[in-house]
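Visitor: Below is the file query_36.pdb, which contains PDB, C-alpha atoms.
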ATOM      1  CA  MET A 209     -24.716  35.656 -18.520
ATOM      2  CA  ASN A 210     -22.207  38.372 -19.423
ATOM      3  CA  ARG A 211     -19.239  37.571 -17.222
ATOM      4  CA  CYS A 212     -16.575  35.226 -18.558
ATOM      5  CA  LEU A 213     -16.369  31.739 -17.106
ATOM      6  CA  SER A 214     -13.933  30.783 -14.381
ATOM      7  CA  ASP A 215     -11.502  27.878 -14.843
ATOM      8  CA  GLN A 216     -13.728  25.744 -12.629
ATOM      9  CA  ALA A 217     -16.826  26.567 -14.662
ATOM     10  CA  LEU A 218     -14.935  25.739 -17.855
ATOM     11  CA  LEU A 219     -13.934  22.380 -16.419
ATOM     12  CA  GLN A 220     -17.517  21.711 -15.394
ATOM     13  CA  CYS A 221     -18.614  22.449 -18.938
ATOM     14  CA  TYR A 222     -15.952  20.036 -20.156
ATOM     15  CA  THR A 223     -17.039  17.263 -17.784
ATOM     16  CA  GLY A 224     -20.719  17.787 -18.569
ATOM     17  CA  ASP A 225     -21.583  19.375 -15.226
ATOM     18  CA  GLY A 226     -21.940  22.901 -16.590
ATOM     19  CA  ALA A 227     -25.118  24.897 -16.049
ATOM     20  CA  ALA A 228     -27.266  25.899 -19.017
ATOM     21  CA  ASP A 229     -26.333  29.592 -18.786
ATOM     22  CA  GLU A 230     -22.639  28.727 -18.650
ATOM     23  CA  LEU A 231     -22.928  26.594 -21.752
ATOM     24  CA  ALA A 232     -24.840  29.356 -23.501
ATOM     25  CA  HIS A 233     -22.110  31.851 -22.593
ATOM     26  CA  LEU A 234     -19.449  29.490 -23.868
ATOM     27  CA  LYS A 235     -21.138  29.405 -27.261
ATOM     28  CA  SER A 236     -21.344  33.173 -27.503
ATOM     29  CA  CYS A 237     -18.009  34.297 -26.008
ATOM     30  CA  LEU A 238     -14.867  33.980 -28.123
ATOM     31  CA  ALA A 239     -12.476  34.404 -25.182
ATOM     32  CA  CYS A 240     -14.134  31.624 -23.194
ATOM     33  CA  ALA A 241     -14.340  29.435 -26.289
ATOM     34  CA  GLY A 242     -10.571  29.879 -26.765
ATOM     35  CA  LEU A 243      -9.876  28.930 -23.148
ATOM     36  CA  TYR A 244     -12.186  25.941 -23.491
ATOM     37  CA  LYS A 245     -10.317  24.791 -26.604
ATOM     38  CA  GLN A 246      -7.061  25.067 -24.700
ATOM     39  CA  LEU A 247      -8.521  23.028 -21.832
ATOM     40  CA  GLU A 248      -9.714  20.391 -24.279
ATOM     41  CA  GLY A 249      -6.235  20.183 -25.802
ATOM     42  CA  ASP A 250      -4.567  19.875 -22.396
ATOM     43  CA  MET A 251      -6.992  17.197 -21.240
ATOM     44  CA  SER A 252      -6.506  15.217 -24.402
ATOM     45  CA  PHE A 253      -2.721  15.463 -23.989
ATOM     46  CA  ILE A 254      -2.936  14.343 -20.350
ATOM     47  CA  THR A 255      -5.345  11.502 -21.078
ATOM     48  CA  ARG A 256      -3.202  10.190 -23.943
ATOM     49  CA  ALA A 257      -0.087  10.207 -21.786
ATOM     50  CA  LEU A 258      -1.842   8.501 -18.876
ATOM     51  CA  GLU A 259      -3.268   5.790 -21.129
ATOM     52  CA  ALA A 260       0.278   4.467 -21.470
ATOM     53  CA  PRO A 261       1.757   2.586 -18.516
ATOM     54  CA  PRO A 262       3.773   4.639 -16.027
ATOM     55  CA  PRO A 263       7.545   4.275 -16.009
ATOM     56  CA  SER A 264       8.561   1.227 -14.011
ATOM     57  CA  HIS A 265      10.467   1.827 -10.832
ATOM     58  CA  ARG A 266      13.401  -0.275  -9.855
ATOM     59  CA  ARG A 267      13.854  -0.622  -6.127
ATOM     60  CA  THR A 268      17.452  -0.449  -5.051
ATOM     61  CA  VAL A 269      17.626  -2.326  -1.808
ATOM     62  CA  ARG A 270      21.377  -1.993  -1.415
ATOM     63  CA  GLY A 271      22.585   1.296  -0.022
ATOM     64  CA  PHE A 272      20.698   4.168   1.507
ATOM     65  CA  ALA A 273      20.348   7.677   0.190
ATOM     66  CA  PRO A 274      22.611  10.166   2.045
ATOM     67  CA  TRP A 275      19.772  12.019   3.733
ATOM     68  CA  ARG A 276      18.369   8.728   5.003
ATOM     69  CA  VAL A 277      21.732   7.824   6.473
ATOM     70  CA  ALA A 278      21.851  11.218   8.206
ATOM     71  CA  VAL A 279      18.328  10.814   9.614
ATOM     72  CA  SER A 280      19.090   7.296  10.850
ATOM     73  CA  ALA A 281      22.395   8.433  12.449
ATOM     74  CA  ALA A 282      20.650  11.341  14.180
ATOM     75  CA  ALA A 283      17.974   8.989  15.538
ATOM     76  CA  VAL A 284      20.592   6.556  16.861
ATOM     77  CA  ALA A 285      22.609   9.419  18.422
ATOM     78  CA  ALA A 286      19.485  10.838  20.087
ATOM     79  CA  ALA A 287      18.567   7.413  21.482
ATOM     80  CA  PHE A 288      22.126   6.959  22.775
ATOM     81  CA  GLY A 289      22.082  10.426  24.358
ATOM     82  CA  VAL A 290      18.817   9.741  26.161
ATOM     83  CA  GLY A 291      20.125   6.376  27.352
ATOM     84  CA  TRP A 292      23.383   7.944  28.553
ATOM     85  CA  SER A 293      21.609  10.700  30.463
ATOM     86  CA  LEU A 294      19.388   8.162  32.217
ATOM     87  CA  ARG A 295      22.124   5.684  33.154
ATOM     88  CA  GLY A 296      22.256   4.853  36.872
ATOM     89  CA  VAL A 297      18.793   6.232  37.535
ATOM     90  CA  PRO A 298      16.771   3.775  39.634
ATOM     91  CA  VAL A 299      13.679   2.331  38.047
ATOM     92  CA  GLY A 300      11.533   4.225  40.502
ATOM     93  CA  GLY A 301      12.491   7.415  38.767
ATOM     94  CA  LEU A 302      14.505  10.434  39.584
ATOM     95  CA  ALA A 303      12.302  11.735  42.422
ATOM     96  CA  GLY A 304      13.969  11.566  45.818
ATOM     97  CA  ARG A 305      17.433  10.825  44.473
ATOM     98  CA  SER A 306      19.084  13.931  45.895
ATOM     99  CA  THR A 307      17.504  13.439  49.313
ATOM    100  CA  GLN A 308      18.728   9.830  49.392
ATOM    101  CA  ILE A 309      22.275  10.966  48.646
ATOM    102  CA  ALA A 310      22.110  13.677  51.304
ATOM    103  CA  ALA A 311      20.863  11.194  53.899
ATOM    104  CA  HIS A 312      23.613   8.763  52.971
ATOM    105  CA  GLN A 313      26.271  11.461  53.268
ATOM    106  CA  ARG A 314      24.897  12.546  56.632
ATOM    107  CA  ILE A 315      25.140   9.007  57.987
ATOM    108  CA  GLN A 316      28.601   8.450  56.555
ATOM    109  CA  SER A 317      30.100  11.732  57.742
ATOM    110  CA  ALA A 318      28.489  11.826  61.187
ATOM    111  CA  PRO A 319      31.215   9.897  63.091
ATOM    112  CA  ALA A 320      33.976  12.118  61.749
ATOM    113  CA  ILE A 321      32.170  15.266  62.805
ATOM    114  CA  GLN A 322      31.428  13.883  66.257
ATOM    115  CA  LEU A 323      34.984  12.668  66.781
ATOM    116  CA  ALA A 324      36.502  15.947  65.670
ATOM    117  CA  SER A 325      34.281  17.930  68.038
ATOM    118  CA  LYS A 326      35.192  15.817  71.049
ATOM    119  CA  GLY A 327      38.907  16.584  70.664
ATOM    120  CA  GLY A 328      40.368  13.130  70.116
ATOM    121  CA  PRO A 329      38.937  10.092  68.442
ATOM    122  CA  PRO A 330      39.517   6.657  69.720
ATOM    123  CA  ALA A 331      41.968   5.204  67.234
ATOM    124  CA  ALA A 332      39.906   2.110  66.368
ATOM    125  CA  MET A 333      36.789   4.130  65.485
ATOM    126  CA  TYR A 334      38.725   6.571  63.375
ATOM    127  CA  ALA A 335      40.461   3.757  61.558
ATOM    128  CA  ALA A 336      37.132   2.117  60.868
ATOM    129  CA  TYR A 337      35.769   5.412  59.517
ATOM    130  CA  VAL A 338      38.772   5.963  57.222
ATOM    131  CA  GLN A 339      38.607   2.382  56.079
ATOM    132  CA  ASP A 340      34.926   2.782  55.332
ATOM    133  CA  GLU A 341      35.393   6.004  53.418
ATOM    134  CA  PHE A 342      38.341   5.010  51.277
ATOM    135  CA  SER A 343      38.541   1.247  51.083
ATOM    136  CA  GLY A 344      35.202  -0.353  51.683
ATOM    137  CA  GLU A 345      33.012  -1.570  54.495
ATOM    138  CA  PRO A 346      34.674  -2.791  57.678
ATOM    139  CA  CYS A 347      34.409  -6.522  57.989
ATOM    140  CA  SER A 348      31.867  -7.960  60.291
ATOM    141  CA  ASP A 349      33.483 -11.307  59.753
ATOM    142  CA  ALA A 350      36.939 -11.438  58.165
ATOM    143  CA  ASN A 351      36.348 -14.866  56.712
ATOM    144  CA  ASP A 352      32.930 -14.157  55.260
ATOM    145  CA  PRO A 353      33.137 -15.040  51.543
ATOM    146  CA  LEU A 354      30.034 -12.934  50.856
ATOM    147  CA  GLU A 355      31.957  -9.763  51.761
ATOM    148  CA  PRO A 356      35.001 -10.012  49.500
ATOM    149  CA  GLY A 357      35.508  -6.262  49.365
ATOM    150  CA  CYS A 358      35.833  -5.725  53.100
ATOM    151  CA  LEU A 359      39.090  -5.150  54.883
TER     152      LEU A 359
ATOM    153  CA  MET B 235       3.471 -24.308 -28.716
ATOM    154  CA  ALA B 236       0.178 -25.686 -27.414
ATOM    155  CA  LYS B 237      -1.981 -23.362 -25.367
ATOM    156  CA  VAL B 238      -2.328 -24.468 -21.761
ATOM    157  CA  ASP B 239      -5.751 -24.002 -20.260
ATOM    158  CA  VAL B 240      -5.530 -23.247 -16.585
ATOM    159  CA  LEU B 241      -9.249 -22.894 -16.029
ATOM    160  CA  PRO B 242     -11.769 -25.707 -16.494
ATOM    161  CA  LEU B 243     -14.414 -25.291 -19.160
ATOM    162  CA  GLU B 244     -17.158 -24.312 -16.752
ATOM    163  CA  HIS B 245     -15.193 -21.157 -16.048
ATOM    164  CA  ASP B 246     -15.505 -19.834 -19.581
ATOM    165  CA  ASP B 247     -17.702 -17.089 -18.202
ATOM    166  CA  PHE B 248     -14.926 -15.998 -15.906
ATOM    167  CA  ARG B 249     -12.503 -15.996 -18.814
ATOM    168  CA  ASP B 250     -14.847 -13.640 -20.655
ATOM    169  CA  LEU B 251     -15.146 -11.486 -17.578
ATOM    170  CA  TYR B 252     -11.370 -11.296 -17.319
ATOM    171  CA  ALA B 253     -10.979 -10.418 -20.983
ATOM    172  CA  GLU B 254     -13.605  -7.725 -20.693
ATOM    173  CA  HIS B 255     -12.339  -5.987 -17.563
ATOM    174  CA  GLN B 256      -8.632  -6.768 -17.192
ATOM    175  CA  ALA B 257      -7.328  -3.770 -19.145
ATOM    176  CA  ARG B 258      -9.596  -1.349 -17.312
ATOM    177  CA  VAL B 259      -8.733  -2.706 -13.865
ATOM    178  CA  LEU B 260      -5.027  -2.590 -14.681
ATOM    179  CA  ARG B 261      -5.304   0.995 -15.889
ATOM    180  CA  LEU B 262      -7.171   1.992 -12.726
ATOM    181  CA  CYS B 263      -4.462   0.381 -10.582
ATOM    182  CA  ARG B 264      -1.769   2.192 -12.550
ATOM    183  CA  LEU B 265      -3.532   5.493 -12.031
ATOM    184  CA  MET B 266      -3.930   4.857  -8.324
ATOM    185  CA  LEU B 267      -0.422   3.529  -7.667
ATOM    186  CA  THR B 268       1.553   5.290 -10.448
ATOM    187  CA  ASP B 269       3.813   2.255 -10.640
ATOM    188  CA  ALA B 270       3.500  -0.266 -13.448
ATOM    189  CA  ASP B 271       4.866  -3.286 -11.570
ATOM    190  CA  GLU B 272       2.854  -2.739  -8.415
ATOM    191  CA  ALA B 273      -0.257  -2.144 -10.514
ATOM    192  CA  GLU B 274       0.186  -5.496 -12.239
ATOM    193  CA  GLU B 275       0.596  -7.280  -8.911
ATOM    194  CA  VAL B 276      -2.502  -5.658  -7.459
ATOM    195  CA  ALA B 277      -4.535  -6.341 -10.611
ATOM    196  CA  GLN B 278      -3.648 -10.025 -10.320
ATOM    197  CA  GLU B 279      -4.733 -10.058  -6.683
ATOM    198  CA  ILE B 280      -8.022  -8.420  -7.661
ATOM    199  CA  PHE B 281      -8.799 -11.044 -10.281
ATOM    200  CA  LEU B 282      -7.850 -13.808  -7.881
ATOM    201  CA  LYS B 283     -10.368 -12.368  -5.452
ATOM    202  CA  ALA B 284     -12.889 -12.063  -8.259
ATOM    203  CA  PHE B 285     -12.315 -15.690  -9.212
ATOM    204  CA  ARG B 286     -12.914 -16.900  -5.638
ATOM    205  CA  PHE B 287     -16.070 -14.800  -5.523
ATOM    206  CA  PHE B 288     -17.162 -16.193  -8.890
ATOM    207  CA  ARG B 289     -16.432 -19.795  -7.898
ATOM    208  CA  SER B 290     -18.473 -19.421  -4.721
ATOM    209  CA  GLY B 291     -21.495 -18.874  -6.952
ATOM    210  CA  GLN B 292     -22.040 -15.264  -5.959
ATOM    211  CA  ARG B 293     -22.707 -12.620  -8.574
ATOM    212  CA  PRO B 294     -22.665  -8.855  -8.007
ATOM    213  CA  GLN B 295     -25.290  -6.607  -9.543
ATOM    214  CA  ALA B 296     -22.658  -5.184 -11.867
ATOM    215  CA  TRP B 297     -19.167  -6.616 -12.218
ATOM    216  CA  ASN B 298     -17.844  -3.264 -13.329
ATOM    217  CA  LYS B 299     -18.670  -1.489 -10.073
ATOM    218  CA  TRP B 300     -17.705  -4.492  -7.976
ATOM    219  CA  LEU B 301     -14.279  -4.666  -9.608
ATOM    220  CA  VAL B 302     -13.721  -0.923  -9.304
ATOM    221  CA  THR B 303     -14.600  -1.027  -5.592
ATOM    222  CA  VAL B 304     -12.298  -3.988  -4.954
ATOM    223  CA  ALA B 305      -9.537  -2.371  -7.008
ATOM    224  CA  MET B 306      -9.756   0.888  -5.111
ATOM    225  CA  ASN B 307      -9.649  -0.855  -1.745
ATOM    226  CA  ALA B 308      -6.712  -3.006  -2.835
ATOM    227  CA  CYS B 309      -4.798   0.033  -4.100
ATOM    228  CA  ARG B 310      -5.467   1.961  -0.887
ATOM    229  CA  ASP B 311      -4.190  -1.009   1.126
ATOM    230  CA  ARG B 312      -1.100  -1.181  -1.058
ATOM    231  CA  LEU B 313      -0.436   2.537  -0.656
ATOM    232  CA  ARG B 314      -0.836   2.263   3.112
ATOM    233  CA  SER B 315       1.385  -0.779   3.465
ATOM    234  CA  SER B 316       4.205   0.337   1.196
ATOM    235  CA  TRP B 317       5.320   3.466   3.035
ATOM    236  CA  TRP B 318       8.329   1.698   4.547
ATOM    237  CA  LYS B 319       9.293   0.141   1.236
ATOM    238  CA  ARG B 320       9.036   3.516  -0.434
ATOM    239  CA  TRP B 321      11.091   5.188   2.321
ATOM    240  CA  ARG B 322      13.747   2.528   2.356
ATOM    241  CA  GLY B 323      14.031   1.705  -1.284
ATOM    242  CA  ARG B 324      15.579   4.346  -3.438
ATOM    243  CA  THR B 325      13.411   4.267  -6.496
ATOM    244  CA  GLU B 326      14.815   4.943  -9.882
ATOM    245  CA  GLU B 327      12.976   5.056 -13.118
ATOM    246  CA  PHE B 328      13.686   1.946 -15.036
ATOM    247  CA  ASP B 329      13.664   2.573 -18.732
ATOM    248  CA  GLU B 330      11.856  -0.553 -19.702
ATOM    249  CA  VAL B 331       9.779  -0.660 -22.848
ATOM    250  CA  LYS B 332       6.790  -2.801 -21.953
ATOM    251  CA  HIS B 333       4.732  -1.807 -24.909
ATOM    252  CA  PRO B 334       6.993  -1.081 -27.828
ATOM    253  CA  GLY B 335       5.834   1.688 -30.107
ATOM    254  CA  HIS B 336       4.383   1.255 -33.524
ATOM    255  CA  GLY B 337       6.775   0.101 -36.185
ATOM    256  CA  HIS B 338       6.390   3.155 -38.377
ATOM    257  CA  ARG B 339       7.484   5.651 -35.719
ATOM    258  CA  SER B 340      11.040   6.882 -35.617
ATOM    259  CA  ALA B 341      13.311   6.519 -32.609
ATOM    260  CA  GLU B 342      13.080  10.287 -31.983
ATOM    261  CA  ASP B 343       9.296  10.104 -31.891
ATOM    262  CA  ASP B 344       9.462   7.237 -29.431
ATOM    263  CA  ILE B 345      11.859   9.119 -27.191
ATOM    264  CA  ALA B 346       9.733  12.254 -27.343
ATOM    265  CA  GLN B 347       6.613  10.297 -26.523
ATOM    266  CA  ARG B 348       8.282   8.518 -23.633
ATOM    267  CA  GLU B 349       9.527  11.846 -22.317
ATOM    268  CA  THR B 350       5.989  13.247 -22.469
ATOM    269  CA  GLN B 351       4.632  10.222 -20.625
ATOM    270  CA  ARG B 352       7.352  10.508 -17.985
ATOM    271  CA  LEU B 353       6.511  14.175 -17.512
ATOM    272  CA  VAL B 354       2.754  13.662 -17.201
ATOM    273  CA  TRP B 355       3.104  10.637 -14.916
ATOM    274  CA  GLY B 356       5.563  12.591 -12.763
ATOM    275  CA  VAL B 357       3.064  15.406 -12.249
ATOM    276  CA  PHE B 358       0.176  12.970 -11.810
ATOM    277  CA  GLY B 359       2.097  11.075  -9.141
ATOM    278  CA  LYS B 360       2.350  14.244  -7.073
ATOM    279  CA  LEU B 361      -1.434  14.549  -6.765
ATOM    280  CA  SER B 362      -3.031  13.263  -3.579
ATOM    281  CA  PRO B 363      -4.426   9.709  -3.707
ATOM    282  CA  ARG B 364      -7.942  11.160  -3.407
ATOM    283  CA  GLN B 365      -7.419  13.454  -6.388
ATOM    284  CA  ARG B 366      -6.010  10.574  -8.421
ATOM    285  CA  GLU B 367      -8.988   8.380  -7.504
ATOM    286  CA  ILE B 368     -11.490  11.021  -8.542
ATOM    287  CA  PHE B 369      -9.631  11.874 -11.735
ATOM    288  CA  ALA B 370      -9.446   8.195 -12.697
ATOM    289  CA  LEU B 371     -13.101   7.495 -12.023
ATOM    290  CA  ARG B 372     -14.331  10.655 -13.677
ATOM    291  CA  HIS B 373     -12.107  10.774 -16.745
ATOM    292  CA  PHE B 374     -11.122   7.198 -17.412
ATOM    293  CA  GLU B 375     -14.019   5.183 -16.025
ATOM    294  CA  GLY B 376     -16.535   7.745 -17.231
ATOM    295  CA  TRP B 377     -18.473   7.836 -13.983
ATOM    296  CA  SER B 378     -20.733  10.799 -13.294
ATOM    297  CA  THR B 379     -19.975  13.206 -10.460
ATOM    298  CA  GLU B 380     -22.911  11.749  -8.526
ATOM    299  CA  GLU B 381     -21.666   8.176  -8.916
ATOM    300  CA  VAL B 382     -18.152   9.148  -7.814
ATOM    301  CA  ALA B 383     -19.539  11.021  -4.820
ATOM    302  CA  THR B 384     -21.654   8.019  -3.770
ATOM    303  CA  GLN B 385     -18.778   5.589  -4.247
ATOM    304  CA  LEU B 386     -16.325   7.665  -2.216
ATOM    305  CA  GLY B 387     -18.812   8.920   0.365
ATOM    306  CA  LEU B 388     -18.234  12.569  -0.538
ATOM    307  CA  SER B 389     -20.505  15.421  -1.512
ATOM    308  CA  GLN B 390     -20.759  16.302  -5.189
ATOM    309  CA  GLY B 391     -19.256  19.715  -4.479
ATOM    310  CA  SER B 392     -16.259  18.062  -2.873
ATOM    311  CA  VAL B 393     -15.777  15.776  -5.871
ATOM    312  CA  LYS B 394     -15.887  18.785  -8.206
ATOM    313  CA  GLN B 395     -13.360  20.630  -6.049
ATOM    314  CA  HIS B 396     -10.962  17.672  -5.979
ATOM    315  CA  LEU B 397     -11.267  17.237  -9.726
ATOM    316  CA  PHE B 398     -10.731  20.934 -10.392
ATOM    317  CA  ARG B 399      -7.628  20.988  -8.194
ATOM    318  CA  ALA B 400      -6.275  17.854  -9.841
ATOM    319  CA  VAL B 401      -6.731  19.282 -13.338
ATOM    320  CA  ARG B 402      -5.289  22.645 -12.285
ATOM    321  CA  GLU B 403      -2.202  20.979 -10.766
ATOM    322  CA  LEU B 404      -1.730  18.801 -13.834
ATOM    323  CA  ARG B 405      -1.953  21.714 -16.251
ATOM    324  CA  LYS B 406       0.261  23.890 -14.099
ATOM    325  CA  GLY B 407       2.845  21.123 -13.646
ATOM    326  CA  ILE B 408       2.991  20.297 -17.322
ATOM    327  CA  ALA B 409       3.253  23.953 -18.329
ATOM    328  CA  LYS B 410       6.080  24.441 -15.818
ATOM    329  CA  GLU B 411       7.993  21.325 -16.825
ATOM    330  CA  SER B 412       7.660  21.830 -20.549
TER     331      SER B 412
END
For this file, produce the structure as structure tokens.

Guide:
Amino acid sequence: MNRCLSDQALLQCYTGDGAADELAHLKSCLACAGLYKQLEGDMSFITRALEAPPPSHRRTVRGFAPWRVAVSAAAVAAAFGVGWSLRGVPVGGLAGRSTQIAAHQRIQSAPAIQLASKGGPPAAMYAAYVQDEFSGEPCSDANDPLEPGCL
Amino acid sequence: MAKVDVLPLEHDDFRDLYAEHQARVLRLCRLMLTDADEAEEVAQEIFLKAFRFFRSGQRPQAWNKWLVTVAMNACRDRLRSSWWKRWRGRTEEFDEVKHPGHGHRSAEDDIAQRETQRLVWGVFGKLSPRQREIFALRHFEGWSTEEVATQLGLSQGSVKQHLFRAVRELRKGIAKES
């Protein structure tokens, strides 16, 4: 074997997984032998350091790091935004909402259109319409406690 | 002060087992978790499990492999379960001397050695859990590539790749930091 060993081959020689030709090359090549020596030194340095216990970590429960505060605030703001945008939407979803509003408006505005086209509304009907539009539903029964908002 | 025996006499065998394997199991836990306090907690849990197993009358083929398997599973569980604690808790290195240096060394030597350990552990902690597992089993436990591959359910080529990457990252990280 004439080519010099790769880092991986050197490591395999170090761990005892090297092939016979790689080991033979290592014995004959000064450059590879130098790299192998360096690897041995590094591994010994690493192993010695890792034999000692790692530095202990103290957990600081009080207080959050600034970036964590920012992430938490963004999450809360996003949740609030989603909630705000969905407020008033019926549980059934958004589908059909615009058609419901249009139908409601058609029903509500129909008497006014009809009365205007016929040239003169009967006063009682017009009053009921205005009352309905601006003040609430006309009372079916003035003393009904279940309709407190009616006039 | 009188020594208090917590285990009855019939458990002398377990005491021997503990004395024989405790340091190795603790070192493996440290390598897996890169945290001295958590490693001690997990090592205690492992020996509690071992004691229950021992008391039930069961004996594994080899305590060494049994303990390593239990330790690795316990450390993986701990790593999985502590993500929230790690996210929430700001961790700071706590300069606690658990094993004071030899008496003949100077304060400068101690500081230099502690700095080296901090550096190497810092780089080691950035490796993936898989790389740390393989490095620990291969270099510290002295298992062969084949044994590691069987234990972890990987191919031998994969084990060699993980080990090579781990060593490369360690050497690169240490060269960069120092």

Visitor: Once the PyMOL selection byres ((chain B and resi 269-272) around 9) is applied to the coordinates I shared, what remains selected? I want it as a list of chain:residue names.

Guide: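 Applying the PyMOL selection byres ((chain B and resi 269-272) around 9) to the structure shown produces A:Pro261, A:Pro262, A:Pro263, A:Ser264, A:His265, B:Leu260, B:Cys263, B:Arg264, B:Leu265, B:Met266, B:Leu267, B:Thr268, B:Ala273, B:Glu274, B:Glu275, B:Val276, B:Ala277, B:Arg312.
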
Visitor: Which distance in Å separates atom CA of Gln390 of chain B and atom CA of Pro363 of chain B, to one decimal?

Guide: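 Between these atoms lies a distance of 17.7 Å.
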
Visitor: Could you check which of B:Val259, B:Leu388, B:Ile408, B:Met306 is closest to Lys360 of chain B, using only C-alpha atoms?

Guide: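 Among B:Val259, B:Leu388, B:Ile408, B:Met306, it is B:Ile408 that comes nearest to Lys360 of chain B.
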
Visitor: Decode the PyMOL selection byres ((chain B and resi 279-292) around 8) for the given file into explicit residues and return them as a list in words.

Guide: Phe248, Tyr252, Glu275, Val276, Ala277, Gln278, Arg293, Pro294, Leu301, Val304, Ala305 and Ala308 of chain B

Visitor: From the set A:Glu248, A:Glu259, A:Asp225, A:Glu230, which residue has the shortest atom-to-atom contact distance to Val354 of chain B, counting all atoms listed in the file?

Guide: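 Of A:Glu248, A:Glu259, A:Asp225, A:Glu230, the one nearest Val354 of chain B, counting all atoms listed in the file, is A:Glu259.
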
Visitor: Report the distance between atom CA of Gln216 of chain A and atom CA of Ala409 of chain B in Å, rounded to one decimal place.

Guide: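 One can read the atom CA of Gln216 of chain A to atom CA of Ala409 of chain B distance as 18.0 Å.
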
Visitor: Between A:Ala257, A:Val277, A:Ala331, A:Ala285, which one has atoms that come closest to chain B, using all atoms listed in the file?

Guide: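 Among the listed residues, A:Ala257 lies closest to chain B.
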
Visitor: Output as AutoDock Vina command-line options the centre and edge lengths (Å, one decimal) of the box along x, y and z of the file that holds every listed atom of segment 361-375 of chain B after adding 5 Å on each side.

Guide:
--center_x -7.9 --center_y 9.9 --center_z -10.4 --size_x 22.9 --size_y 19.4 --size_z 24.0

Visitor: Considering all atoms listed in the file, state which residue in the set A:Cys237, A:Leu243, A:Leu258, A:Ala282 is at the smallest distance from Tyr222 of chain A.

Guide: A:Leu243

Visitor: In Å to one decimal, how far is atom CA of Gly356 of chain B from atom CA of Phe253 of chain A?

Guide: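 Rounded to one decimal, the two atoms are 14.2 Å apart.
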
Visitor: Using all atoms listed in the file for the distances, tell me which of B:Arg261, B:His396, B:Lys299, B:Arg364 is nearest to chain A.

Guide: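 Looking only at the distances to chain A, the closest residue turns out to be B:Arg261.
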
Visitor: Which residues fall under the PyMOL selection byres ((chain B and resi 392) around 12) in this file, as a list of chain:residue names?

Guide: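 Those residues are B:Arg364, B:Gln365, B:Ile368, B:Thr379, B:Glu380, B:Val382, B:Ala383, B:Thr384, B:Leu386, B:Gly387, B:Leu388, B:Ser389, B:Gln390, B:Gly391, B:Val393, B:Lys394, B:Gln395, B:His396, B:Leu397, B:Phe398, B:Arg399.
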